[in-house]
Amino acid sequence: MQFRVSPKSLRDDVSEEQWQARVDLAAAHRLAYMHGFSEGIFNHLTLVVPGQSDRYYQIPFGTHWSEVTASTFMEVGIDDSEVKSGEGDVERSCYCIHAPIHKALPQAKAVFHTHMPYASALTRLEDPRIKEIGQTEVGLSEAIAYDDEYAGPAMDPAEGARLARVIGNKSVLFMANHGITTTGTTVADAYDKLYYIERAAQVQIYAMWTGQRLKQLPTPVVEKTKRDYRDDHLYKGPTPSQRHFAALKRILDRKEPDYAT
């Protein structure tokens, strides 16, 4: 989905790059709802405004993910939580988690935080680690950081700054007794991680439900699989995550085309 004609009151005021960013972020919200990743009106998917490193897109508090469109987003100041563009209330925990991560990690243009059920279930375990029991799990393992502390809801930006330090150069965070956060340079990158982490967690939980011991892959296979996942020479043009997200948007084009308005 490329950008479409939108209400002139907004479309004429933003660049084509900014409008496409809004379309992609709206798609991510709709897809997350479709995939069962959302939780009521909470959880947060944010993106730094292209060309405006001091602000990010956030939906007004009270908006359900199933109704998000490209025109929905506010632009929120990273340093002051003020609404720079758009209207609505800034959900406090979103600001306190996302703004410090956007600020501290230049690669975290997109920051997606959810309480999606299978991955969040793992965060409730004494050992929440994704096990190296299949190729998807192994391929994701190097991207995951684990936070073993939970001190209550994030209502102070200091908590977001702490989480940024835990994430470091990783792109997935398992938040103890809480949920998951993924980061990416693009919406496609962050959503692709979100999707596959939930799938890996779901498969692991299903395997654990059998009561049998999990079958760890041999070390040589694990190392080869990690190398293969890091090797991107097999494809020219769009990355696998970009191709995946484009395919998901084609589904939305057929089912819910209004997200791009």
# chains A, B, ... in the order shown; residues from 1 in each chain; ligands from 1

call {"tool": "select_by_dssp", "arguments": {"residues": "region 8-257 of chain A", "states": "strand (DSSP E or B)", "output": "PyMOL selection string"}}
result
chain A and resi 39+42+44-49+52-58+74-77+83-85+110-114+144-147+172-175+179-184

call {"tool": "residues_around", "arguments": {"residues": "region 27-42 of chain A", "least_positions_apart": "2", "cutoff": "6 Å", "atoms": "only C-alpha atoms", "output": "ChimeraX atom specification"}}
result
/A:24-25,62,64-66,116

call {"tool": "write_last_selection", "arguments": {"atoms": "N, CA and C atoms", "output": "PDB file, in the first residue's frame"}}
result
ATOM      1  N   ASP A  24       1.536   3.253   7.178  1.00  0.00           N
ATOM      2  CA  ASP A  24       2.160   2.020   7.670  1.00  0.00           C
ATOM      3  C   ASP A  24       1.866   1.796   9.151  1.00  0.00           C
ATOM      4  N   LEU A  25       1.934   2.858   9.942  1.00  0.00           N
ATOM      5  CA  LEU A  25       1.682   2.706  11.374  1.00  0.00           C
ATOM      6  C   LEU A  25       0.216   2.381  11.637  1.00  0.00           C
ATOM      7  N   GLY A  62      -7.608   6.211  24.382  1.00  0.00           N
ATOM      8  CA  GLY A  62      -9.012   5.849  24.236  1.00  0.00           C
ATOM      9  C   GLY A  62      -9.356   5.344  22.854  1.00  0.00           C
ATOM     10  N   HIS A  64      -9.362   2.692  19.969  1.00  0.00           N
ATOM     11  CA  HIS A  64      -9.178   1.247  19.819  1.00  0.00           C
ATOM     12  C   HIS A  64      -8.365   0.984  18.561  1.00  0.00           C
ATOM     13  N   TRP A  65      -7.518  -0.025  18.614  1.00  0.00           N
ATOM     14  CA  TRP A  65      -6.629  -0.286  17.474  1.00  0.00           C
ATOM     15  C   TRP A  65      -7.402  -0.648  16.207  1.00  0.00           C
ATOM     16  N   SER A  66      -8.589  -1.178  16.344  1.00  0.00           N
ATOM     17  CA  SER A  66      -9.382  -1.556  15.175  1.00  0.00           C
ATOM     18  C   SER A  66      -9.912  -0.353  14.412  1.00  0.00           C
ATOM     19  N   MET A 116       0.768  -9.115  24.125  1.00  0.00           N
ATOM     20  CA  MET A 116       0.249 -10.234  23.344  1.00  0.00           C
ATOM     21  C   MET A 116       0.388 -11.532  24.137  1.00  0.00           C
TER      22      MET A 116
END

call {"tool": "closest_residue", "arguments": {"among": "A:Ala247, A:Gly211, A:Thr261, A:Leu217", "to": "Gly134 (chain A)", "atoms": "only C-alpha atoms"}}
result
A:Leu217

call {"tool": "closest_atom_pairs", "arguments": {"of": "region 127-242 of chain A", "to": "region 16-21 of chain A", "cutoff": "12 Å", "atoms": "only C-alpha atoms", "output": "tab-separated table"}}
result
residue	atom	partner	partner_atom	distance
A:Thr185	CA	A:Ala21	CA	11.8
A:Thr186	CA	A:Ala21	CA	8.8
A:Val187	CA	A:Ala21	CA	7.9
A:Ala188	CA	A:Ala21	CA	10.4

call {"tool": "select_by_dssp", "arguments": {"residues": "region 43-228 of chain A", "states": "helix (DSSP H, G or I)", "output": "ChimeraX atom specification"}}
result
/A:65-67,92-104,117-123,135-141,157-167,187-209,219-228

call {"tool": "closest_residue", "arguments": {"among": "A:Leu105, A:Ala200, A:Val68, A:Cys94", "to": "Pro257 (chain A)", "atoms": "only C-alpha atoms"}}
result
A:Val68

call {"tool": "closest_residue", "arguments": {"among": "A:Pro218, A:Pro153, A:Gly237, A:Gly179", "to": "Ala121 (chain A)", "atoms": "only C-alpha atoms"}}
result
A:Gly179

call {"tool": "atom_distance", "arguments": {"atom1": "CA of Pro117 (chain A)", "atom2": "CA of Ala154 (chain A)"}}
result
19.6 Å

call {"tool": "atom_distance", "arguments": {"atom1": "CA of Ala161 (chain A)", "atom2": "CA of Thr63 (chain A)"}}
result
25.9 Å

call {"tool": "closest_residue", "arguments": {"among": "A:His98, A:Arg11, A:Lys224, A:Lys109", "to": "Asp189 (chain A)", "atoms": "only C-alpha atoms"}}
result
A:Lys109

call {"tool": "residues_around", "arguments": {"residues": "Arg250 (chain A)", "least_positions_apart": "4", "cutoff": "12 Å", "atoms": "only C-alpha atoms", "output": "mmCIF file with N, CA and C atoms, in the first residue's frame"}}
result
data_model
loop_
_atom_site.group_PDB
_atom_site.id
_atom_site.type_symbol
_atom_site.label_atom_id
_atom_site.label_comp_id
_atom_site.auth_asym_id
_atom_site.auth_seq_id
_atom_site.Cartn_x
_atom_site.Cartn_y
_atom_site.Cartn_z
ATOM 1 N N MET A 1 0.846 -1.192 0.000
ATOM 2 C CA MET A 1 0.000 0.000 0.000
ATOM 3 C C MET A 1 0.880 1.239 0.000
ATOM 4 N N GLN A 2 0.779 2.029 -1.038
ATOM 5 C CA GLN A 2 1.420 3.329 -1.048
ATOM 6 C C GLN A 2 0.399 4.368 -0.592
ATOM 7 N N ASP A 24 1.536 3.253 7.178
ATOM 8 C CA ASP A 24 2.160 2.020 7.670
ATOM 9 C C ASP A 24 1.866 1.796 9.151
ATOM 10 N N ALA A 27 -1.633 0.695 9.578
ATOM 11 C CA ALA A 27 -1.730 -0.714 9.193
ATOM 12 C C ALA A 27 -1.248 -1.615 10.318
ATOM 13 N N LEU A 31 -3.426 -4.540 11.946
ATOM 14 C CA LEU A 31 -2.923 -5.909 11.880
ATOM 15 C C LEU A 31 -2.739 -6.510 13.268
ATOM 16 N N ARG A 243 8.892 -7.417 2.724
ATOM 17 C CA ARG A 243 7.996 -8.233 1.890
ATOM 18 C C ARG A 243 6.825 -8.771 2.723
ATOM 19 N N HIS A 244 7.130 -9.188 3.963
ATOM 20 C CA HIS A 244 6.082 -9.712 4.848
ATOM 21 C C HIS A 244 5.056 -8.627 5.145
ATOM 22 N N PHE A 245 5.531 -7.426 5.507
ATOM 23 C CA PHE A 245 4.606 -6.363 5.866
ATOM 24 C C PHE A 245 3.791 -5.917 4.653
ATOM 25 N N ALA A 246 4.407 -5.887 3.481
ATOM 26 C CA ALA A 246 3.673 -5.533 2.269
ATOM 27 C C ALA A 246 2.562 -6.547 1.998
ATOM 28 N N ARG A 254 -7.822 -5.452 1.088
ATOM 29 C CA ARG A 254 -9.035 -6.171 0.700
ATOM 30 C C ARG A 254 -10.107 -6.112 1.786
ATOM 31 N N LYS A 255 -9.669 -6.136 3.044
ATOM 32 C CA LYS A 255 -10.629 -6.259 4.146
ATOM 33 C C LYS A 255 -11.002 -4.927 4.791
ATOM 34 N N GLU A 256 -10.009 -4.028 4.976
ATOM 35 C CA GLU A 256 -10.230 -2.784 5.713
ATOM 36 C C GLU A 256 -9.459 -1.626 5.061
ATOM 37 N N PRO A 257 -9.799 -1.271 3.837
ATOM 38 C CA PRO A 257 -9.036 -0.256 3.126
ATOM 39 C C PRO A 257 -9.083 1.140 3.756
ATOM 40 N N TYR A 259 -8.099 2.083 6.516
ATOM 41 C CA TYR A 259 -6.981 2.408 7.414
ATOM 42 C C TYR A 259 -6.054 3.447 6.810
ATOM 43 N N ALA A 260 -6.046 3.552 5.476
ATOM 44 C CA ALA A 260 -5.114 4.451 4.799
ATOM 45 C C ALA A 260 -5.713 5.823 4.533
#

call {"tool": "residues_around", "arguments": {"residues": "region 169-174 of chain A", "least_positions_apart": "4", "cutoff": "8 Å", "atoms": "only C-alpha atoms", "output": "PDB file with N, CA, C and O atoms, in the first residue's frame"}}
result
ATOM      1  N   ALA A 119       3.652 -14.592  24.195  1.00  0.00           N
ATOM      2  CA  ALA A 119       4.934 -14.051  24.652  1.00  0.00           C
ATOM      3  C   ALA A 119       4.807 -13.486  26.060  1.00  0.00           C
ATOM      4  O   ALA A 119       5.706 -13.651  26.895  1.00  0.00           O
ATOM      5  N   THR A 123       6.734 -14.283  29.864  1.00  0.00           N
ATOM      6  CA  THR A 123       7.338 -13.316  30.787  1.00  0.00           C
ATOM      7  C   THR A 123       6.901 -13.541  32.226  1.00  0.00           C
ATOM      8  O   THR A 123       7.510 -13.004  33.142  1.00  0.00           O
ATOM      9  N   PRO A 128      11.822 -17.173  31.360  1.00  0.00           N
ATOM     10  CA  PRO A 128      11.008 -16.764  30.228  1.00  0.00           C
ATOM     11  C   PRO A 128      11.701 -16.927  28.874  1.00  0.00           C
ATOM     12  O   PRO A 128      11.161 -16.536  27.850  1.00  0.00           O
ATOM     13  N   GLU A 142      19.300 -14.087  18.875  1.00  0.00           N
ATOM     14  CA  GLU A 142      20.325 -13.062  19.023  1.00  0.00           C
ATOM     15  C   GLU A 142      19.748 -11.658  19.122  1.00  0.00           C
ATOM     16  O   GLU A 142      20.452 -10.726  19.503  1.00  0.00           O
ATOM     17  N   ALA A 143      18.468 -11.509  18.765  1.00  0.00           N
ATOM     18  CA  ALA A 143      17.839 -10.189  18.802  1.00  0.00           C
ATOM     19  C   ALA A 143      17.183  -9.888  20.138  1.00  0.00           C
ATOM     20  O   ALA A 143      16.752  -8.753  20.374  1.00  0.00           O
ATOM     21  N   ILE A 144      17.104 -10.872  21.037  1.00  0.00           N
ATOM     22  CA  ILE A 144      16.290 -10.738  22.242  1.00  0.00           C
ATOM     23  C   ILE A 144      17.119 -10.325  23.452  1.00  0.00           C
ATOM     24  O   ILE A 144      18.154 -10.917  23.747  1.00  0.00           O
ATOM     25  N   ALA A 145      16.631  -9.305  24.158  1.00  0.00           N
ATOM     26  CA  ALA A 145      17.142  -8.945  25.481  1.00  0.00           C
ATOM     27  C   ALA A 145      16.071  -9.295  26.504  1.00  0.00           C
ATOM     28  O   ALA A 145      14.867  -9.240  26.204  1.00  0.00           O
ATOM     29  N   TYR A 146      16.490  -9.652  27.707  1.00  0.00           N
ATOM     30  CA  TYR A 146      15.554 -10.034  28.763  1.00  0.00           C
ATOM     31  C   TYR A 146      15.717  -9.096  29.954  1.00  0.00           C
ATOM     32  O   TYR A 146      16.821  -8.894  30.453  1.00  0.00           O
ATOM     33  N   ASP A 147      14.601  -8.514  30.375  1.00  0.00           N
ATOM     34  CA  ASP A 147      14.580  -7.680  31.573  1.00  0.00           C
ATOM     35  C   ASP A 147      13.975  -8.506  32.705  1.00  0.00           C
ATOM     36  O   ASP A 147      12.838  -8.953  32.604  1.00  0.00           O
ATOM     37  N   GLY A 179       5.237  -7.779  29.404  1.00  0.00           N
ATOM     38  CA  GLY A 179       4.913  -7.941  27.999  1.00  0.00           C
ATOM     39  C   GLY A 179       6.158  -7.885  27.144  1.00  0.00           C
ATOM     40  O   GLY A 179       7.259  -8.178  27.602  1.00  0.00           O
ATOM     41  N   ILE A 180       5.970  -7.470  25.892  1.00  0.00           N
ATOM     42  CA  ILE A 180       7.037  -7.485  24.899  1.00  0.00           C
ATOM     43  C   ILE A 180       7.183  -6.103  24.280  1.00  0.00           C
ATOM     44  O   ILE A 180       6.188  -5.404  24.067  1.00  0.00           O
ATOM     45  N   THR A 181       8.412  -5.718  23.963  1.00  0.00           N
ATOM     46  CA  THR A 181       8.662  -4.521  23.171  1.00  0.00           C
ATOM     47  C   THR A 181       9.595  -4.891  22.024  1.00  0.00           C
ATOM     48  O   THR A 181      10.588  -5.594  22.232  1.00  0.00           O
ATOM     49  N   THR A 182       9.251  -4.463  20.820  1.00  0.00           N
ATOM     50  CA  THR A 182      10.146  -4.638  19.684  1.00  0.00           C
ATOM     51  C   THR A 182      10.505  -3.271  19.131  1.00  0.00           C
ATOM     52  O   THR A 182       9.732  -2.312  19.255  1.00  0.00           O
ATOM     53  N   THR A 183      11.670  -3.177  18.527  1.00  0.00           N
ATOM     54  CA  THR A 183      12.100  -1.929  17.898  1.00  0.00           C
ATOM     55  C   THR A 183      12.561  -2.228  16.484  1.00  0.00           C
ATOM     56  O   THR A 183      12.907  -3.357  16.144  1.00  0.00           O
ATOM     57  N   GLY A 184      12.577  -1.183  15.667  1.00  0.00           N
ATOM     58  CA  GLY A 184      13.046  -1.344  14.302  1.00  0.00           C
ATOM     59  C   GLY A 184      13.316  -0.003  13.656  1.00  0.00           C
ATOM     60  O   GLY A 184      12.845   1.030  14.130  1.00  0.00           O
ATOM     61  N   LYS A 193       9.193  -8.495  13.754  1.00  0.00           N
ATOM     62  CA  LYS A 193       9.691  -9.060  15.008  1.00  0.00           C
ATOM     63  C   LYS A 193       8.527  -9.406  15.943  1.00  0.00           C
ATOM     64  O   LYS A 193       8.505 -10.466  16.568  1.00  0.00           O
TER      65      LYS A 193
END

call {"tool": "residues_around", "arguments": {"residues": "Glu132 (chain A)", "least_positions_apart": "5", "cutoff": "8 Å", "atoms": "only C-alpha atoms", "output": "PDB file with all heavy atoms, in the first residue's frame"}}
result
ATOM      1  N   GLU A 137      13.001 -19.913  16.417  1.00  0.00           N
ATOM      2  CA  GLU A 137      13.474 -19.537  17.739  1.00  0.00           C
ATOM      3  C   GLU A 137      14.958 -19.179  17.712  1.00  0.00           C
ATOM      4  O   GLU A 137      15.387 -18.175  18.293  1.00  0.00           O
ATOM      5  CB  GLU A 137      13.237 -20.686  18.732  1.00  0.00           C
ATOM      6  CG  GLU A 137      11.778 -21.014  18.968  1.00  0.00           C
ATOM      7  CD  GLU A 137      11.246 -22.091  18.026  1.00  0.00           C
ATOM      8  OE1 GLU A 137      11.635 -22.102  16.838  1.00  0.00           O
ATOM      9  OE2 GLU A 137      10.421 -22.917  18.471  1.00  0.00           O
ATOM     10  N   VAL A 138      15.744 -19.989  17.016  1.00  0.00           N
ATOM     11  CA  VAL A 138      17.186 -19.737  16.927  1.00  0.00           C
ATOM     12  C   VAL A 138      17.455 -18.448  16.152  1.00  0.00           C
ATOM     13  O   VAL A 138      18.291 -17.625  16.548  1.00  0.00           O
ATOM     14  CB  VAL A 138      17.903 -20.924  16.258  1.00  0.00           C
ATOM     15  CG1 VAL A 138      19.367 -20.579  15.976  1.00  0.00           C
ATOM     16  CG2 VAL A 138      17.817 -22.157  17.145  1.00  0.00           C
ATOM     17  N   SER A 141      16.882 -15.528  18.418  1.00  0.00           N
ATOM     18  CA  SER A 141      17.517 -15.519  19.734  1.00  0.00           C
ATOM     19  C   SER A 141      18.537 -14.398  19.923  1.00  0.00           C
ATOM     20  O   SER A 141      18.640 -13.818  21.005  1.00  0.00           O
ATOM     21  CB  SER A 141      18.174 -16.873  20.019  1.00  0.00           C
ATOM     22  OG  SER A 141      19.195 -17.141  19.073  1.00  0.00           O
ATOM     23  N   GLN A 216      16.401 -29.654  22.526  1.00  0.00           N
ATOM     24  CA  GLN A 216      17.359 -28.620  22.179  1.00  0.00           C
ATOM     25  C   GLN A 216      18.097 -29.014  20.899  1.00  0.00           C
ATOM     26  O   GLN A 216      18.528 -30.154  20.741  1.00  0.00           O
ATOM     27  CB  GLN A 216      18.377 -28.445  23.314  1.00  0.00           C
ATOM     28  CG  GLN A 216      19.569 -27.576  22.990  1.00  0.00           C
ATOM     29  CD  GLN A 216      19.215 -26.096  22.922  1.00  0.00           C
ATOM     30  OE1 GLN A 216      18.296 -25.645  23.593  1.00  0.00           O
ATOM     31  NE2 GLN A 216      19.950 -25.355  22.117  1.00  0.00           N
ATOM     32  N   LEU A 217      18.242 -28.048  19.981  1.00  0.00           N
ATOM     33  CA  LEU A 217      19.012 -28.315  18.766  1.00  0.00           C
ATOM     34  C   LEU A 217      20.492 -28.428  19.100  1.00  0.00           C
ATOM     35  O   LEU A 217      20.994 -27.742  19.998  1.00  0.00           O
ATOM     36  CB  LEU A 217      18.793 -27.189  17.752  1.00  0.00           C
ATOM     37  CG  LEU A 217      17.400 -27.097  17.128  1.00  0.00           C
ATOM     38  CD1 LEU A 217      17.295 -25.840  16.269  1.00  0.00           C
ATOM     39  CD2 LEU A 217      17.097 -28.336  16.293  1.00  0.00           C
ATOM     40  N   VAL A 222      22.646 -24.923  15.715  1.00  0.00           N
ATOM     41  CA  VAL A 222      22.276 -23.598  16.221  1.00  0.00           C
ATOM     42  C   VAL A 222      23.171 -22.532  15.603  1.00  0.00           C
ATOM     43  O   VAL A 222      22.685 -21.503  15.112  1.00  0.00           O
ATOM     44  CB  VAL A 222      22.374 -23.554  17.765  1.00  0.00           C
ATOM     45  CG1 VAL A 222      22.259 -22.109  18.271  1.00  0.00           C
ATOM     46  CG2 VAL A 222      21.283 -24.409  18.388  1.00  0.00           C
TER      47      VAL A 222
END

call {"tool": "decode", "arguments": {"residues": "region 131-153 of chain A", "atoms": "N, CA and C atoms", "output": "short mmCIF file (atom, residue, chain, number, x, y, z; two decimals), in the first residue's frame"}}
result
data_model
loop_
_atom_site.label_atom_id
_atom_site.label_comp_id
_atom_site.auth_asym_id
_atom_site.auth_seq_id
_atom_site.Cartn_x
_atom_site.Cartn_y
_atom_site.Cartn_z
N LYS A 131 13.53 -20.86 23.83
CA LYS A 131 14.47 -21.97 23.75
C LYS A 131 14.89 -22.23 22.31
N GLU A 132 16.08 -22.71 22.13
CA GLU A 132 16.61 -23.00 20.79
C GLU A 132 16.16 -24.38 20.35
N ILE A 133 14.85 -24.48 20.06
CA ILE A 133 14.24 -25.77 19.74
C ILE A 133 13.70 -25.81 18.31
N GLY A 134 13.93 -24.75 17.55
CA GLY A 134 13.47 -24.70 16.16
C GLY A 134 14.15 -23.54 15.46
N GLN A 135 14.07 -23.50 14.14
CA GLN A 135 14.82 -22.50 13.40
C GLN A 135 14.32 -21.07 13.65
N THR A 136 13.02 -20.89 13.81
CA THR A 136 12.52 -19.55 14.09
C THR A 136 13.04 -19.05 15.42
N GLU A 137 13.00 -19.91 16.42
CA GLU A 137 13.47 -19.54 17.74
C GLU A 137 14.96 -19.18 17.71
N VAL A 138 15.74 -19.99 17.02
CA VAL A 138 17.19 -19.74 16.93
C VAL A 138 17.46 -18.45 16.15
N GLY A 139 16.72 -18.26 15.07
CA GLY A 139 16.92 -17.06 14.26
C GLY A 139 16.63 -15.79 15.01
N LEU A 140 15.70 -15.84 15.96
CA LEU A 140 15.34 -14.66 16.75
C LEU A 140 16.22 -14.47 17.98
N SER A 141 16.88 -15.53 18.42
CA SER A 141 17.52 -15.52 19.73
C SER A 141 18.54 -14.40 19.92
N GLU A 142 19.30 -14.09 18.87
CA GLU A 142 20.33 -13.06 19.02
C GLU A 142 19.75 -11.66 19.12
N ALA A 143 18.47 -11.51 18.77
CA ALA A 143 17.84 -10.19 18.80
C ALA A 143 17.18 -9.89 20.14
N ILE A 144 17.10 -10.87 21.04
CA ILE A 144 16.29 -10.74 22.24
C ILE A 144 17.12 -10.33 23.45
N ALA A 145 16.63 -9.30 24.16
CA ALA A 145 17.14 -8.95 25.48
C ALA A 145 16.07 -9.30 26.50
N TYR A 146 16.49 -9.65 27.71
CA TYR A 146 15.55 -10.03 28.76
C TYR A 146 15.72 -9.10 29.95
N ASP A 147 14.60 -8.51 30.38
CA ASP A 147 14.58 -7.68 31.57
C ASP A 147 13.97 -8.51 32.70
N ASP A 148 14.72 -8.72 33.75
CA ASP A 148 14.27 -9.57 34.84
C ASP A 148 13.67 -8.80 36.01
N GLU A 149 13.44 -7.48 35.80
CA GLU A 149 12.89 -6.66 36.87
C GLU A 149 11.52 -6.12 36.47
N TYR A 150 10.61 -6.07 37.42
CA TYR A 150 9.33 -5.39 37.22
C TYR A 150 9.00 -4.63 38.49
N ALA A 151 8.79 -3.33 38.33
CA ALA A 151 8.57 -2.48 39.51
C ALA A 151 7.22 -1.77 39.46
N GLY A 152 6.29 -2.30 38.64
CA GLY A 152 4.98 -1.68 38.54
C GLY A 152 4.82 -0.92 37.23
N PRO A 153 3.63 -0.34 36.99
CA PRO A 153 3.38 0.39 35.76
C PRO A 153 4.39 1.51 35.53
#
